[in-house]
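Visitor: After the structure tokens below, expect a handful of questions from me.
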Amino acid sequence: MFRIGQKVICVDDRLDPNRNLPPLVFPKKGTTYTIRGIYVARTNETALLLEEIVNPYQTRDGQEIGFKSSRFRSLVEDGLIEELLSRIIDEVKEEILKEELAGITD
């Protein structure tokens with residue numbers, strides 16, 4: 001799930017050419033953004049508001065038009081940080097063990 005303040009990257013910036021859209025600023029694929037708001041749209045899809053893009057247009061509900069969350073990925077995927085930290089800890093433990101064993105054999 002996404003959270004406010006989280007960094008995300010746009011992975012899909014395709015627009016439906018048949019859709020009549022107001023002149024909005026849209027996210028660009030490969031660009032990093034910061035989430036400033038999250039809401040559920042009328043379509044029942046999660047929509048994101050981005051720090052880097054503020055559009056003046058509003059929905060019928062008075063909500064700024066957001067972007068489908070499915071068009072974004074977390075800049076750091078869930079679980080990646082834990083996996084990296086675990087690897088680092090294992091490497092540090094291994095180095096300490098090597099140093100201790102080297103000290104015993106000297």
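Residue numbers start at 1 in each chain; chains themselves are named A, B, ... in the order of the structure tokens; ligands are numbered from 1 in the order shown.
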I'd like the contact shell of Arg3 of chain A - 9 Å cut-off, only C-alpha atoms, skipping same-chain residues fewer than 6 positions apart - returned as a list in words.

Guide: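 In the requested form, the answer reads Ile35, Arg36, Gly37 and Ile38 of chain A.
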
Visitor: Would you mind exporting C-alpha atoms of the selected residues as a PDB file, in the first residue's frame?

Guide:
ATOM      1  CA  ILE A  35       2.646  11.264  -2.522  1.00  0.00           C
ATOM      2  CA  ARG A  36       0.819  14.150  -0.827  1.00  0.00           C
ATOM      3  CA  GLY A  37      -2.639  12.618  -0.716  1.00  0.00           C
ATOM      4  CA  ILE A  38      -4.560   9.389  -1.268  1.00  0.00           C
TER       5      ILE A  38
END

Visitor: To test your reading of the structure, identify every residue in chain A that backbone DSSP assigns to helix (DSSP H, G or I), and report it as a PyMOL selection string.

Guide: chain A and resi 69-71+80-105

Visitor: Do a neighbour search on Thr59 of chain A at 10 Å with only C-alpha atoms, toss out local chain neighbours closer than 6 positions, and write the hits as a count of residues only.

Guide: 4

Visitor: Return the single residue from A:Gln63, A:Gln58, A:Ser74, A:Ser86 that is closest to Pro23 of chain A, with distances computed using only C-alpha atoms.

Guide: A:Gln58

Visitor: Find the spatial neighbours of Cys10 of chain A, counting only C-alpha atoms, within a cut-off of 6 Å - ignore same-chain residues fewer than 4 positions away - and output them as a list of chain:residue names.

Guide: A:Lys29, A:Gly30, A:Thr31, A:Arg71, A:Phe72

Visitor: Ranking A:Glu64, A:Tyr33, A:Thr46, A:Lys28 by minimum distance to Met1 of chain A and counting only C-alpha atoms, which one comes first?

Guide: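 The answer is A:Thr46, which sits nearest to Met1 of chain A.
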
Visitor: Could you state the separation of atom CA of Leu15 of chain A and atom CA of Val76 of chain A in Å, given to one decimal place?

Guide: 25.5 Å

Visitor: Among segment 16-106 of chain A, which residues carry a DSSP assignment of strand (DSSP E), reported as a tab-separated table (two decimals) with N, CA and C atoms, in the first residue's frame?

Guide:
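Full text of selection11.tsv as output:
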chain	number	residue	atom	x	y	z
A	32	THR	N	10.22	10.24	-10.73
A	32	THR	CA	9.94	10.01	-9.31
A	32	THR	C	9.05	11.12	-8.77
A	33	TYR	N	8.08	10.73	-7.94
A	33	TYR	CA	7.14	11.68	-7.34
A	33	TYR	C	6.99	11.37	-5.85
A	34	THR	N	6.43	12.34	-5.11
A	34	THR	CA	6.15	12.18	-3.69
A	34	THR	C	4.65	12.25	-3.47
A	35	ILE	N	4.09	11.29	-2.76
A	35	ILE	CA	2.65	11.26	-2.52
A	35	ILE	C	2.28	12.30	-1.47
A	36	ARG	N	1.30	13.15	-1.79
A	36	ARG	CA	0.82	14.15	-0.83
A	36	ARG	C	-0.61	13.88	-0.39
A	37	GLY	N	-1.27	12.96	-1.07
A	37	GLY	CA	-2.64	12.62	-0.72
A	37	GLY	C	-3.07	11.33	-1.39
A	38	ILE	N	-4.04	10.66	-0.75
A	38	ILE	CA	-4.56	9.39	-1.27
A	38	ILE	C	-6.07	9.40	-1.05
A	39	TYR	N	-6.83	8.99	-2.06
A	39	TYR	CA	-8.28	8.87	-1.87
A	39	TYR	C	-8.83	7.79	-2.80
A	40	VAL	N	-10.03	7.35	-2.52
A	40	VAL	CA	-10.70	6.36	-3.36
A	40	VAL	C	-11.60	7.12	-4.32
A	46	THR	N	-7.90	3.44	-6.17
A	46	THR	CA	-7.13	4.35	-5.32
A	46	THR	C	-6.44	5.39	-6.21
A	47	ALA	N	-6.60	6.64	-5.84
A	47	ALA	CA	-5.99	7.73	-6.59
A	47	ALA	C	-4.93	8.41	-5.73
A	48	LEU	N	-3.86	8.85	-6.37
A	48	LEU	CA	-2.77	9.52	-5.67
A	48	LEU	C	-2.69	10.98	-6.08
A	49	LEU	N	-2.44	11.84	-5.11
A	49	LEU	CA	-2.12	13.24	-5.37
A	49	LEU	C	-0.62	13.36	-5.14
A	50	LEU	N	0.06	14.09	-6.01
A	50	LEU	CA	1.52	14.16	-5.99
A	50	LEU	C	2.01	15.56	-5.65
A	67	PHE	N	-4.27	10.53	-9.71
A	67	PHE	CA	-3.79	9.58	-10.71
A	67	PHE	C	-3.89	8.17	-10.14
A	68	LYS	N	-4.29	7.21	-11.00
A	68	LYS	CA	-4.47	5.83	-10.57
A	68	LYS	C	-3.19	5.30	-9.92
A	72	PHE	N	1.80	3.55	-10.63
A	72	PHE	CA	3.01	3.86	-9.87
A	72	PHE	C	3.53	2.63	-9.13
A	73	ARG	N	4.80	2.64	-8.84
A	73	ARG	CA	5.43	1.63	-8.00
A	73	ARG	C	6.22	2.35	-6.93
A	74	SER	N	6.31	1.73	-5.78
A	74	SER	CA	7.12	2.27	-4.70
A	74	SER	C	8.56	2.35	-5.18

Visitor: Measuring between only C-alpha atoms, which one of A:Leu97, A:Leu84, A:Leu75, A:Ile89 shows the shortest distance to Lys7 of chain A?

Guide: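 Looking at the shortest contact to Lys7 of chain A, the residue is A:Leu75.
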
Visitor: Between A:Leu24, A:Glu94, A:Phe2, A:Leu101, which has the minimum distance to Val54 of chain A (counting only C-alpha atoms)?

Guide: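 Using only C-alpha atoms, Val54 of chain A sits closest to A:Leu24.
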
Visitor: By how many Å are atom CA of Ile53 of chain A and atom CA of Ile4 of chain A apart?

Guide: 14.4 Å
